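What's in coords20.txt: compact mmCIF, C-alpha atoms
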```
# COMPACT_ATOMS: atom_id res chain seq x y z
CA MET A 167 115.37 -66.41 -3.36
CA LYS A 168 112.55 -65.90 -0.89
CA ARG A 169 110.63 -68.63 0.91
CA LEU A 170 107.35 -68.11 2.75
CA TYR A 171 106.48 -70.65 5.44
CA ARG A 172 102.72 -70.28 5.91
CA ASN A 173 100.39 -71.32 8.74
CA ALA A 174 103.12 -72.44 11.14
CA GLN A 175 103.02 -72.77 14.90
CA ILE A 176 106.07 -70.94 16.30
CA ALA A 177 107.83 -72.28 19.41
CA SER A 178 109.75 -69.85 21.62
CA GLU A 179 111.58 -70.07 24.93
CA ASP A 180 109.64 -67.02 26.12
CA GLU A 181 106.07 -68.25 25.52
CA PRO A 182 104.52 -71.47 26.85
CA SER A 183 101.99 -71.52 24.01
CA LEU A 184 102.69 -71.86 20.31
CA ARG A 185 102.04 -68.77 18.18
CA ARG A 186 100.44 -69.12 14.75
CA ALA A 187 102.35 -67.13 12.14
CA ASP A 188 103.81 -66.92 8.65
CA VAL A 189 107.58 -66.67 8.33
CA LEU A 190 109.31 -65.02 5.37
CA VAL A 191 112.95 -65.86 4.66
CA GLU A 192 115.37 -64.36 2.17
CA ALA A 193 119.01 -65.49 1.94
CA ASP A 194 120.10 -66.13 5.54
CA ARG A 195 117.65 -63.74 7.22
CA ILE A 196 114.10 -63.81 8.50
CA LEU A 197 112.36 -60.84 6.88
CA GLY A 198 109.10 -61.17 8.75
CA VAL A 199 107.11 -63.13 11.30
CA GLU A 200 103.48 -62.08 11.13
CA SER A 201 100.09 -63.59 11.83
CA GLN A 202 99.48 -63.31 8.10
CA ILE A 203 101.83 -62.25 5.33
CA GLY A 204 100.26 -61.45 1.98
CA ALA A 205 101.45 -62.57 -1.41
CA VAL A 206 105.18 -62.12 -1.94
CA ASP A 207 106.52 -61.83 -5.48
CA GLU A 208 108.75 -64.71 -6.60
CA ALA A 209 108.60 -66.42 -3.21
CA GLU A 210 108.38 -70.18 -2.82
CA VAL A 211 105.39 -70.88 -0.59
CA ILE A 212 105.65 -73.78 1.87
CA ASP A 213 102.46 -74.77 3.65
CA CYS A 214 103.27 -75.54 7.30
CA GLU A 215 99.72 -76.24 8.43
CA GLY A 216 99.93 -78.49 11.48
CA ARG A 217 103.70 -78.07 11.71
CA ILE A 218 105.79 -76.53 14.47
CA LEU A 219 108.68 -74.19 13.69
CA LEU A 220 111.29 -74.15 16.44
CA PRO A 221 114.78 -72.63 16.62
CA ALA A 222 117.44 -75.05 15.41
CA LEU A 223 118.86 -77.26 18.15
CA PHE A 224 122.36 -77.12 19.67
CA ASP A 225 124.01 -80.00 21.56
CA LEU A 226 126.62 -79.18 24.21
CA HIS A 227 127.87 -82.76 24.54
CA VAL A 228 128.83 -84.88 21.52
CA HIS A 229 131.48 -87.58 21.10
CA ALA A 230 132.38 -87.33 17.41
CA ARG A 231 135.24 -89.90 17.68
CA GLU A 232 137.54 -88.08 15.21
CA PRO A 233 140.52 -88.41 15.24
CA GLY A 234 141.34 -92.03 15.96
CA GLN A 235 138.02 -93.88 16.11
CA GLU A 236 136.48 -93.06 12.76
CA HIS A 237 135.20 -96.64 12.48
CA LYS A 238 132.65 -95.64 15.15
CA GLU A 239 131.88 -92.13 13.91
CA ASN A 240 133.57 -89.19 12.25
CA ILE A 241 132.73 -85.51 12.18
CA ALA A 242 130.99 -85.79 8.81
CA SER A 243 128.70 -88.66 9.88
CA CYS A 244 128.13 -86.95 13.21
CA ALA A 245 127.04 -83.77 11.40
CA ALA A 246 124.72 -85.79 9.15
CA ALA A 247 123.10 -87.40 12.21
CA ALA A 248 122.80 -83.99 13.85
CA ILE A 249 121.04 -82.47 10.85
CA ARG A 250 118.56 -85.33 10.67
CA GLY A 251 117.74 -84.70 14.33
CA GLY A 252 117.23 -80.94 13.91
CA PHE A 253 120.63 -79.81 15.23
CA THR A 254 122.64 -77.18 13.37
CA GLY A 255 125.41 -77.02 15.93
CA PHE A 256 127.17 -79.04 18.58
CA LEU A 257 130.19 -79.11 20.89
CA MET A 258 132.65 -81.99 20.48
CA MET A 259 134.22 -83.72 23.47
CA PRO A 260 138.03 -84.22 23.55
CA ASP A 261 138.11 -87.98 24.27
CA THR A 262 139.58 -88.81 20.88
CA ARG A 263 142.76 -90.76 20.03
CA PRO A 264 144.90 -88.74 20.37
CA ALA A 265 143.01 -86.56 22.79
CA ILE A 266 142.21 -83.00 21.79
CA ASP A 267 144.80 -81.60 24.19
CA ASN A 268 146.80 -79.08 22.13
CA GLY A 269 146.24 -76.36 19.58
CA GLY A 270 147.28 -78.52 16.64
CA VAL A 271 144.56 -81.12 17.24
CA VAL A 272 141.99 -78.38 17.86
CA GLN A 273 142.87 -76.86 14.50
CA THR A 274 142.66 -80.25 12.77
CA VAL A 275 139.19 -81.14 14.04
CA LEU A 276 137.80 -77.68 13.35
CA GLU A 277 139.13 -77.82 9.79
CA SER A 278 137.39 -81.18 9.36
CA ALA A 279 134.18 -79.68 10.77
CA ARG A 280 134.23 -76.79 8.28
CA SER A 281 133.83 -79.24 5.40
CA THR A 282 130.36 -80.28 6.66
CA ALA A 283 127.04 -78.58 5.93
CA ILE A 284 126.92 -77.15 9.46
CA GLY A 285 130.63 -76.42 9.80
CA ARG A 286 130.10 -72.95 11.21
CA GLY A 287 127.96 -74.46 13.98
CA ILE A 288 130.46 -77.08 15.17
CA TYR A 289 132.75 -76.27 18.09
CA THR A 290 135.22 -78.26 20.13
CA SER A 291 136.26 -78.49 23.74
CA GLY A 292 139.84 -79.16 24.77
CA ALA A 293 141.17 -81.56 27.39
CA ILE A 294 142.07 -80.31 30.86
CA THR A 295 145.10 -82.60 31.12
CA LYS A 296 147.48 -84.15 28.61
CA GLY A 297 146.02 -87.34 27.24
CA ARG A 298 143.14 -86.88 29.71
CA ARG A 299 145.30 -88.75 32.21
CA GLY A 300 144.70 -86.28 35.04
CA GLU A 301 148.39 -85.65 35.68
CA GLU A 302 149.76 -82.70 33.68
CA LEU A 303 147.88 -79.70 32.35
CA ALA A 304 147.19 -79.67 28.62
CA GLY A 305 148.18 -76.77 26.36
CA ILE A 306 145.35 -74.47 27.41
CA ALA A 307 146.70 -71.28 25.82
CA GLY A 308 147.31 -73.00 22.47
CA MET A 309 143.87 -74.62 22.46
CA LYS A 310 142.18 -71.34 23.29
CA LYS A 311 144.03 -69.59 20.45
CA ALA A 312 143.10 -72.38 18.00
CA GLY A 313 139.40 -72.11 18.86
CA ALA A 314 138.57 -74.41 21.78
CA VAL A 315 135.68 -72.96 23.77
CA LEU A 316 135.56 -75.16 26.90
CA LEU A 317 137.87 -77.44 28.89
CA THR A 318 136.94 -80.94 30.06
CA ASP A 319 138.48 -84.39 30.53
CA GLU A 320 135.11 -86.05 29.83
CA ASP A 321 134.58 -89.00 30.57
CA ALA A 322 137.59 -89.05 32.89
CA PRO A 323 137.29 -87.10 36.16
CA VAL A 324 140.40 -85.18 37.22
CA ALA A 325 141.07 -87.14 40.39
CA ASN A 326 143.86 -84.91 41.73
CA PRO A 327 142.22 -81.80 43.23
CA GLN A 328 145.43 -79.77 42.99
CA VAL A 329 145.64 -80.41 39.24
CA LEU A 330 141.98 -79.43 38.86
CA ARG A 331 142.52 -76.29 40.92
CA ARG A 332 145.43 -75.20 38.70
CA ALA A 333 143.40 -75.92 35.58
CA MET A 334 140.50 -73.86 36.85
CA GLU A 335 142.80 -70.94 37.62
CA TYR A 336 144.25 -71.01 34.11
CA ALA A 337 140.78 -71.37 32.58
CA ARG A 338 139.49 -68.45 34.63
CA ASP A 339 142.27 -66.24 33.28
CA PHE A 340 141.45 -67.32 29.71
CA ALA A 341 137.69 -66.82 30.31
CA MET A 342 136.98 -70.47 29.48
CA PRO A 343 134.42 -72.63 31.27
CA VAL A 344 135.63 -75.88 32.83
CA ALA A 345 133.28 -78.84 32.54
CA SER A 346 133.40 -81.65 35.04
CA HIS A 347 132.41 -85.31 34.98
CA GLY A 348 131.32 -85.80 38.59
CA GLU A 349 132.72 -89.10 39.81
CA VAL A 350 134.98 -90.62 42.45
CA PRO A 351 136.68 -93.47 40.53
CA GLU A 352 137.49 -95.41 43.69
CA LEU A 353 133.77 -95.59 44.49
CA SER A 354 132.62 -96.43 40.96
CA ALA A 355 135.44 -98.97 40.57
CA ARG A 356 134.57 -101.45 37.82
CA GLY A 357 130.83 -100.94 38.07
CA SER A 358 128.68 -101.20 34.97
CA MET A 359 125.30 -99.88 36.13
CA HIS A 360 123.60 -98.09 39.03
CA GLU A 361 124.18 -99.77 42.38
CA GLY A 362 120.82 -100.86 43.68
CA SER A 363 118.22 -103.60 43.64
CA VAL A 364 118.58 -104.31 39.91
CA SER A 365 122.37 -104.60 39.96
CA TYR A 366 122.11 -106.97 42.91
CA ALA A 367 119.49 -109.09 41.11
CA LEU A 368 121.60 -109.25 37.92
CA GLY A 369 124.82 -109.94 39.78
CA LEU A 370 126.52 -106.86 38.27
CA GLN A 371 128.93 -104.59 40.12
CA GLY A 372 127.17 -101.31 40.74
CA MET A 373 128.15 -97.64 40.60
CA PRO A 374 126.68 -95.87 43.63
CA ALA A 375 125.01 -92.50 43.27
CA LEU A 376 127.34 -91.41 46.07
CA SER A 377 130.27 -91.48 43.64
CA GLU A 378 128.74 -88.84 41.40
CA GLU A 379 127.38 -86.75 44.25
CA ILE A 380 130.72 -86.45 46.06
CA GLY A 381 132.44 -85.61 42.77
CA ILE A 382 129.95 -82.83 42.08
CA ALA A 383 130.31 -81.37 45.58
CA ARG A 384 134.12 -81.41 45.43
CA ASP A 385 134.32 -79.74 42.03
CA ILE A 386 131.84 -77.04 43.01
CA ARG A 387 133.93 -76.20 46.07
CA ILE A 388 137.11 -75.88 43.97
CA ALA A 389 135.23 -73.75 41.44
CA GLU A 390 134.00 -71.49 44.23
CA PHE A 391 137.57 -71.04 45.45
CA THR A 392 138.99 -70.28 42.01
CA GLY A 393 136.09 -68.23 40.65
CA VAL A 394 135.87 -70.19 37.38
CA HIS A 395 132.69 -70.95 35.48
CA LEU A 396 132.04 -74.63 36.21
CA HIS A 397 129.73 -76.65 34.00
CA LEU A 398 128.62 -80.07 35.25
CA HIS A 399 128.18 -82.82 32.71
CA HIS A 400 125.16 -85.17 32.51
CA VAL A 401 123.84 -84.96 36.08
CA SER A 402 121.96 -88.16 36.90
CA THR A 403 120.97 -88.02 40.58
CA ALA A 404 118.47 -85.91 42.46
CA ARG A 405 120.92 -85.27 45.31
CA GLY A 406 123.58 -84.14 42.89
CA MET A 407 121.09 -81.70 41.39
CA GLN A 408 120.17 -80.41 44.84
CA THR A 409 123.84 -79.70 45.57
CA ILE A 410 123.99 -77.66 42.38
CA GLN A 411 120.84 -75.76 43.31
CA ARG A 412 122.36 -74.79 46.66
CA ALA A 413 125.58 -73.67 44.96
CA LYS A 414 123.62 -71.43 42.63
CA GLU A 415 121.80 -69.92 45.58
CA ARG A 416 125.20 -69.05 47.08
CA GLY A 417 126.13 -67.21 43.88
CA ILE A 418 128.68 -69.73 42.58
CA HIS A 419 129.03 -69.62 38.79
CA VAL A 420 127.89 -73.15 38.04
CA THR A 421 125.77 -74.48 35.18
CA CYS A 422 124.63 -78.01 34.45
CA GLU A 423 123.09 -80.38 31.92
CA VAL A 424 120.89 -83.45 31.83
CA THR A 425 120.34 -86.03 29.09
CA PRO A 426 117.03 -87.24 27.64
CA HIS A 427 117.88 -90.80 28.65
CA HIS A 428 118.29 -89.79 32.30
CA LEU A 429 114.76 -88.34 32.14
CA MET A 430 113.12 -91.28 30.34
CA PHE A 431 114.90 -94.43 31.46
CA HIS A 432 116.03 -95.94 34.77
CA HIS A 433 117.97 -98.96 36.01
CA GLU A 434 115.03 -101.32 35.63
CA HIS A 435 115.20 -100.82 31.85
CA VAL A 436 118.49 -102.73 31.82
CA GLY A 437 116.21 -105.75 32.09
CA ASP A 438 117.93 -108.84 30.77
CA PHE A 439 121.41 -107.27 30.41
CA ASP A 440 120.42 -104.93 27.54
CA THR A 441 123.61 -103.01 26.69
CA SER A 442 121.68 -100.32 24.79
CA PHE A 443 120.85 -98.99 28.25
CA LYS A 444 124.46 -98.99 29.47
CA THR A 445 125.58 -95.40 29.82
CA GLN A 446 127.90 -93.27 31.94
CA PRO A 447 126.73 -92.07 34.39
CA PRO A 448 124.38 -95.02 34.69
CA LEU A 449 120.63 -94.87 34.56
CA ARG A 450 119.46 -94.29 38.11
CA THR A 451 116.03 -94.73 39.71
CA PRO A 452 112.49 -93.72 38.72
CA GLU A 453 112.56 -91.19 41.57
CA ASP A 454 115.70 -89.61 40.10
CA ASN A 455 113.95 -89.36 36.72
CA GLU A 456 111.09 -87.39 38.27
CA ARG A 457 113.28 -85.00 40.24
CA LEU A 458 115.56 -84.34 37.25
CA LEU A 459 112.54 -83.52 35.09
CA GLU A 460 111.40 -81.06 37.75
CA GLY A 461 114.87 -79.51 37.65
CA LEU A 462 114.65 -79.10 33.90
CA ILE A 463 111.28 -77.41 34.15
CA ASN A 464 112.21 -75.08 37.02
CA GLY A 465 115.42 -73.91 35.34
CA THR A 466 118.04 -75.68 37.44
CA PHE A 467 119.39 -77.24 34.24
CA GLU A 468 120.62 -74.86 31.58
CA ALA A 469 120.94 -77.56 28.95
CA LEU A 470 119.57 -80.78 27.59
CA VAL A 471 122.38 -82.75 25.93
CA THR A 472 122.40 -86.03 24.03
CA ASP A 473 125.86 -87.24 25.16
CA HIS A 474 125.94 -88.82 21.70
CA SER A 475 128.34 -91.76 22.22
CA PRO A 476 128.62 -94.01 19.15
CA HIS A 477 130.05 -97.52 19.37
CA THR A 478 130.23 -100.42 16.95
CA GLU A 479 127.62 -103.16 16.99
CA PHE A 480 130.36 -105.67 17.81
CA GLU A 481 131.38 -103.74 20.93
CA LYS A 482 127.84 -103.33 22.19
CA ASN A 483 127.07 -107.01 21.61
CA GLN A 484 129.56 -108.03 24.29
CA ASP A 485 128.35 -109.01 27.75
CA PHE A 486 126.99 -106.17 29.86
CA ALA A 487 129.99 -105.82 32.17
CA THR A 488 132.42 -105.66 29.22
CA ALA A 489 130.45 -103.57 26.70
CA PRO A 490 131.38 -99.87 26.50
CA PHE A 491 129.27 -97.17 28.06
CA GLY A 492 127.19 -94.92 25.86
CA ILE A 493 124.25 -94.49 23.51
CA THR A 494 123.69 -92.32 20.46
CA GLY A 495 121.21 -89.47 20.65
CA LEU A 496 121.53 -86.80 17.97
CA GLU A 497 118.95 -88.36 15.66
CA THR A 498 116.49 -89.51 18.32
CA ALA A 499 116.50 -86.63 20.82
CA LEU A 500 113.77 -84.39 19.40
CA CYS A 501 111.34 -87.16 18.46
CA SER A 502 111.87 -89.05 21.73
CA LEU A 503 111.40 -85.91 23.85
CA TYR A 504 108.23 -85.14 21.94
CA ASP A 505 106.95 -88.72 22.12
CA ARG A 506 107.73 -89.35 25.79
CA LEU A 507 107.44 -85.93 27.43
CA ILE A 508 105.91 -83.16 25.31
CA HIS A 509 103.02 -85.08 23.75
CA PRO A 510 101.90 -86.45 27.16
CA GLY A 511 101.96 -82.88 28.54
CA ARG A 512 104.86 -83.32 30.95
CA LEU A 513 107.19 -80.83 29.22
CA GLY A 514 106.48 -77.68 27.24
CA TRP A 515 107.89 -76.64 23.89
CA HIS A 516 109.30 -73.53 25.58
CA HIS A 517 111.30 -75.72 27.97
CA LEU A 518 112.75 -77.64 25.04
CA VAL A 519 113.65 -74.49 23.09
CA ARG A 520 115.34 -73.01 26.14
CA CYS A 521 117.38 -76.09 27.05
CA LEU A 522 118.08 -77.62 23.64
CA SER A 523 118.63 -74.46 21.59
CA ALA A 524 118.90 -71.07 23.26
CA SER A 525 120.60 -71.67 26.61
CA PRO A 526 123.31 -74.07 25.34
CA ARG A 527 124.37 -71.47 22.76
CA ARG A 528 124.41 -68.69 25.33
CA LEU A 529 126.47 -70.82 27.70
CA LEU A 530 129.26 -70.78 25.10
CA GLY A 531 128.83 -67.07 24.43
CA LEU A 532 126.98 -67.66 21.15
CA PRO A 533 123.77 -65.88 20.12
CA ALA A 534 120.49 -67.74 20.33
CA VAL A 535 118.51 -68.14 17.10
CA PRO A 536 114.90 -67.20 17.91
CA ILE A 537 112.41 -67.11 15.05
CA GLN A 538 111.99 -63.36 14.81
CA ARG A 539 112.16 -60.56 12.29
CA GLY A 540 115.76 -59.72 11.40
CA GLY A 541 117.14 -62.91 12.91
CA ILE A 542 119.24 -65.63 11.30
CA ALA A 543 117.12 -68.23 9.51
CA ASP A 544 118.16 -71.23 11.60
CA PHE A 545 115.11 -73.34 12.42
CA VAL A 546 113.39 -76.71 12.20
CA VAL A 547 110.02 -77.63 10.72
CA PHE A 548 108.62 -80.43 12.89
CA HIS A 549 105.48 -82.43 12.12
CA PRO A 550 103.91 -83.64 15.38
CA GLU A 551 101.30 -85.83 13.64
CA ALA A 552 103.85 -87.74 11.56
CA SER A 553 106.14 -90.47 12.88
CA THR A 554 109.77 -91.54 12.49
CA ARG A 555 111.21 -95.03 12.52
CA PHE A 556 114.81 -95.43 13.63
CA ASP A 557 116.66 -98.36 12.11
CA ALA A 558 120.03 -99.24 10.63
CA ALA A 559 118.88 -98.50 7.10
CA THR A 560 117.74 -94.94 7.75
CA MET A 561 119.96 -93.60 10.52
CA ARG A 562 122.79 -91.28 9.45
CA SER A 563 125.18 -92.04 12.30
CA LYS A 564 127.64 -94.87 11.75
CA ALA A 565 126.42 -96.32 15.06
CA ILE A 566 123.06 -97.79 16.03
CA ASN A 567 123.55 -98.17 19.80
CA THR A 568 120.27 -96.56 20.82
CA PRO A 569 117.38 -97.85 22.95
CA PHE A 570 115.09 -96.61 20.16
CA LEU A 571 116.52 -98.90 17.48
CA ASP A 572 113.75 -100.43 15.33
CA GLN A 573 111.14 -98.33 17.09
CA THR A 574 108.72 -95.77 15.67
CA LEU A 575 108.28 -92.52 17.59
CA ARG A 576 105.76 -89.74 17.25
CA GLY A 577 106.87 -86.70 15.28
CA ALA A 578 109.18 -86.10 12.34
CA VAL A 579 111.81 -83.53 11.39
CA GLU A 580 110.60 -82.43 7.94
CA ARG A 581 112.89 -79.48 7.20
CA VAL A 582 116.10 -78.10 8.68
CA ILE A 583 117.09 -74.57 7.66
CA HIS A 584 120.63 -73.41 8.50
CA HIS A 585 121.57 -69.82 7.68
CA GLY A 586 118.78 -69.83 5.14
CA VAL A 587 119.83 -73.06 3.41
CA GLU A 588 117.43 -75.99 3.54
CA LEU A 589 119.57 -78.98 4.58
CA ILE A 590 116.53 -81.26 4.80
CA SER A 591 113.36 -80.54 2.86
CA ALA A 592 110.12 -82.52 2.83
```
Rewrite the structure of this file - the entire thing - as structure tokens.
Amino acid sequence: MKRLYRNAQIASEDEPSLRRADVLVEADRILGVESQIGAVDEAEVIDCEGRILLPALFDLHVHAREPGQEHKENIASCAAAAIRGGFTGFLMMPDTRPAIDNGGVVQTVLESARSTAIGRGIYTSGAITKGRRGEELAGIAGMKKAGAVLLTDEDAPVANPQVLRRAMEYARDFAMPVASHGEVPELSARGSMHEGSVSYALGLQGMPALSEEIGIARDIRIAEFTGVHLHLHHVSTARGMQTIQRAKERGIHVTCEVTPHHLMFHHEHVGDFDTSFKTQPPLRTPEDNERLLEGLINGTFEALVTDHSPHTEFEKNQDFATAPFGITGLETALCSLYDRLIHPGRLGWHHLVRCLSASPRRLLGLPAVPIQRGGIADFVVFHPEASTRFDAATMRSKAINTPFLDQTLRGAVERVIHHGVELISA
């Protein structure tokens, strides 16, 4: 069956402006992308006037909670949330119970992923150390053989530098990136938010930016020594980003990511102990927001990630110091980025396509999915003039711990096409 998407505006990482075109799809392939395609026999015609077609999104940082915490989320519900948000692929973190620290668990979670509508787009990382305890190396060879594509102890930094060095050397030999959660636990201690004027006013123990910045600097130095590809998770401070920029200038193989919430929100949003803004690393300052956005635009950051971290309503309703870190993001990312940054003119569609679709895939050695003749039909139809309300009744994730709960944002994901199959259709 053929489908002809007429009168669309095509977003690309290579062009700042949107390009008006018709897109013809048959099976899993794009047959044509032309300014105007004539009548096509037996083709379903879909009028995309006023809509934007962008390559399907890919998230490098997702906590799917399976195995062990399926009451918060499982791979199936995570995939459903991803599809609703325009994602046709994501990378799972290994902080499950038990941790994804051996080939058997890798195989189990990937088999579970294959049963979802986007199974071929779901990948998993493996833990650096057994149980993510930072003491003994996990079964790296077995995880690699079973399909793990990256190593990380997220959200637990490997405190022992000798253990991290050995892990990086093994990962280098297996051609696997190592991802690092930049933090010095002794500095963060039992903090629950950014250390600064707001934490002092609220009487909460703070987590200084220094903790993350020293962790980033240390891990970059070990990566330089070992020659591994180091990827830095959810950078939240301007100084941390500057350290990464300098490392790149020295030729060190380091990549990095930033979350939408670290671009949009800061420590003042915690307000009256609102746990929907409690995340790890914590929300920093308005100045950090601005510098991180500059880093996204100038290419310092390879990836935008949601750090999708589902928790139960009961857990998040505890007092701020006790409630767990994390917010969900798969469903809200595209609409919130459009509402808060693209619509006001602060971010371009080409930046979003690069950092939320093309570059994350390439970082894992996967092909990007540009909307072009001969390419895989993997794209999103987005309506910028529509709106989306996020509430417990409509969200697909099991969790509702998002700052956007019961809010309406500009824009709506109308269709999601994955390998030619419409997973969501208007």
query: What lies within 10 Å of A:Ala355 using all atoms listed in the file, ignoring chain neighbours under 6 positions off, as number ranges by chain?
result: A: 371-374, 377
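Comparing the minimum interatomic distances between A:Ala209 and each of A:Met167, A:Asn173, A:Leu376, A:Leu197, counting all atoms listed in the file, we find that A:Met167 sits nearest.
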message: Give me the residues near A:Leu530 as an MDAnalysis selection string, where near means some atom within 10 Å (using only C-alpha atoms) and where sequence neighbours in that chain fewer than 5 positions away do not count.
response: chainID A and resid 226 257 289 315:316 342:343 525
May I have the residues from that selection written out with C-alpha atoms, as a CSV table (one decimal), keeping the file's coordinate frame?
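As a result, selection18.csv now contains:
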```csv
chain,number,residue,atom,x,y,z
A,226,LEU,CA,126.6,-79.2,24.2
A,257,LEU,CA,130.2,-79.1,20.9
A,289,TYR,CA,132.8,-76.3,18.1
A,315,VAL,CA,135.7,-73.0,23.8
A,316,LEU,CA,135.6,-75.2,26.9
A,342,MET,CA,137.0,-70.5,29.5
A,343,PRO,CA,134.4,-72.6,31.3
A,525,SER,CA,120.6,-71.7,26.6
```
- prompt: In file coordinates, which residues lie within 8 Å of (131.9, -86.0, 14.1) using all atoms listed in the file, given as number ranges by chain?
  reply: A: 229-232, 239-245, 258, 279
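Near A:Gln538, within 9 Å and counting all atoms listed in the file, sit Val189, Ile196, Leu197, Gly198, Val199, Val535, Gly541, Ile542 and Ala543 of chain A, not including residues fewer than 3 positions from it in the same chain.
Proximity to A:Asp188 was assessed for A:Arg539, A:His360, A:Arg299, A:Lys482 counting all atoms listed in the file; the smallest distance is recorded for A:Arg539.
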Show me, as a short mmCIF file (atom, residue, chain, number, x, y, z; two decimals) with C-alpha atoms, keeping the file's coordinate frame, the residues that have an atom within 9 Å of stretch 449-451 of chain A when counting all atoms listed in the file, minus same-chain residues fewer than 6 positions from it.
```cif
data_model
loop_
_atom_site.label_atom_id
_atom_site.label_comp_id
_atom_site.auth_asym_id
_atom_site.auth_seq_id
_atom_site.Cartn_x
_atom_site.Cartn_y
_atom_site.Cartn_z
CA MET A 359 125.30 -99.88 36.13
CA HIS A 360 123.60 -98.09 39.03
CA GLU A 361 124.18 -99.77 42.38
CA GLY A 362 120.82 -100.86 43.68
CA ALA A 375 125.01 -92.50 43.27
CA SER A 402 121.96 -88.16 36.90
CA THR A 403 120.97 -88.02 40.58
CA HIS A 427 117.88 -90.80 28.65
CA HIS A 428 118.29 -89.79 32.30
CA PHE A 431 114.90 -94.43 31.46
CA HIS A 432 116.03 -95.94 34.77
CA HIS A 433 117.97 -98.96 36.01
CA GLU A 434 115.03 -101.32 35.63
CA HIS A 435 115.20 -100.82 31.85
CA VAL A 436 118.49 -102.73 31.82
CA PHE A 443 120.85 -98.99 28.25
#
```
For stretch 249-263 of chain A, what centre and edge lengths in Å (one decimal) does the axis-aligned box get once 3 Å is added on each side of all its listed atoms, as JSON?
```
{"center_x": 130.0, "center_y": -83.9, "center_z": 17.5, "size_x": 31.5, "size_y": 19.7, "size_z": 19.6}
```
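For the pair atom CA of A:Asn455 and atom CA of A:Phe570, the interatomic distance is 18.1 Å.
Take atom CA of A:Ala367 and atom CA of A:Glu456: the distance between them is 23.4 Å.
Taking atom CA of A:His237 as the reference point, atom CA of A:Ala487 is found at 22.3 Å.
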query: Which protein, DNA or RNA residues have an atom at most 10 Å from (146.5, -78.5, 24.9), counting all atoms listed in the file? List them as a VMD selection string.
result: chain A and resid 265 to 272 292 to 297 303 to 310 312 314 317
Selection export as a PDB file, in the frame of the given file, atoms kept: C-alpha atoms:
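Contents of the output file result-v2.pdb:
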```pdb
ATOM      1  CA  ALA A 265     143.010 -86.560  22.790  1.00  0.00           C
ATOM      2  CA  ILE A 266     142.210 -83.000  21.790  1.00  0.00           C
ATOM      3  CA  ASP A 267     144.800 -81.600  24.190  1.00  0.00           C
ATOM      4  CA  ASN A 268     146.800 -79.080  22.130  1.00  0.00           C
ATOM      5  CA  GLY A 269     146.240 -76.360  19.580  1.00  0.00           C
ATOM      6  CA  GLY A 270     147.280 -78.520  16.640  1.00  0.00           C
ATOM      7  CA  VAL A 271     144.560 -81.120  17.240  1.00  0.00           C
ATOM      8  CA  VAL A 272     141.990 -78.380  17.860  1.00  0.00           C
ATOM      9  CA  GLY A 292     139.840 -79.160  24.770  1.00  0.00           C
ATOM     10  CA  ALA A 293     141.170 -81.560  27.390  1.00  0.00           C
ATOM     11  CA  ILE A 294     142.070 -80.310  30.860  1.00  0.00           C
ATOM     12  CA  THR A 295     145.100 -82.600  31.120  1.00  0.00           C
ATOM     13  CA  LYS A 296     147.480 -84.150  28.610  1.00  0.00           C
ATOM     14  CA  GLY A 297     146.020 -87.340  27.240  1.00  0.00           C
ATOM     15  CA  LEU A 303     147.880 -79.700  32.350  1.00  0.00           C
ATOM     16  CA  ALA A 304     147.190 -79.670  28.620  1.00  0.00           C
ATOM     17  CA  GLY A 305     148.180 -76.770  26.360  1.00  0.00           C
ATOM     18  CA  ILE A 306     145.350 -74.470  27.410  1.00  0.00           C
ATOM     19  CA  ALA A 307     146.700 -71.280  25.820  1.00  0.00           C
ATOM     20  CA  GLY A 308     147.310 -73.000  22.470  1.00  0.00           C
ATOM     21  CA  MET A 309     143.870 -74.620  22.460  1.00  0.00           C
ATOM     22  CA  LYS A 310     142.180 -71.340  23.290  1.00  0.00           C
ATOM     23  CA  ALA A 312     143.100 -72.380  18.000  1.00  0.00           C
ATOM     24  CA  ALA A 314     138.570 -74.410  21.780  1.00  0.00           C
ATOM     25  CA  LEU A 317     137.870 -77.440  28.890  1.00  0.00           C
TER      26      LEU A 317
END
```
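Distances from A:His399, A:Arg387, A:Arg250, A:Arg195 to A:Ala592 were compared using all atoms listed in the file, and the smallest one belongs to A:Arg250.
Using all atoms listed in the file, the smallest distance between any of A:Ser502, A:Ser523, A:Ser178, A:Thr254 and A:Ile583 comes from A:Thr254.
Of the listed residues A:Glu352, A:Glu460, A:Glu215, A:Glu588, the one whose atoms come nearest to A:Pro550 is A:Glu215, with distances taken using all atoms listed in the file.
Using all atoms listed in the file, the protein and nucleic acid residues lying no more than 8 Å from A:Phe467, apart from those fewer than 6 places from it along its own chain, are Thr421, Cys422, Glu423, Val424, Gly461 and Cys521 of chain A.
With only C-alpha atoms as the atoms that count, the minimum distance from A:Asp207 to the choices A:Glu320, A:Glu192, A:Asp485, A:Glu349 is reached by A:Glu192.
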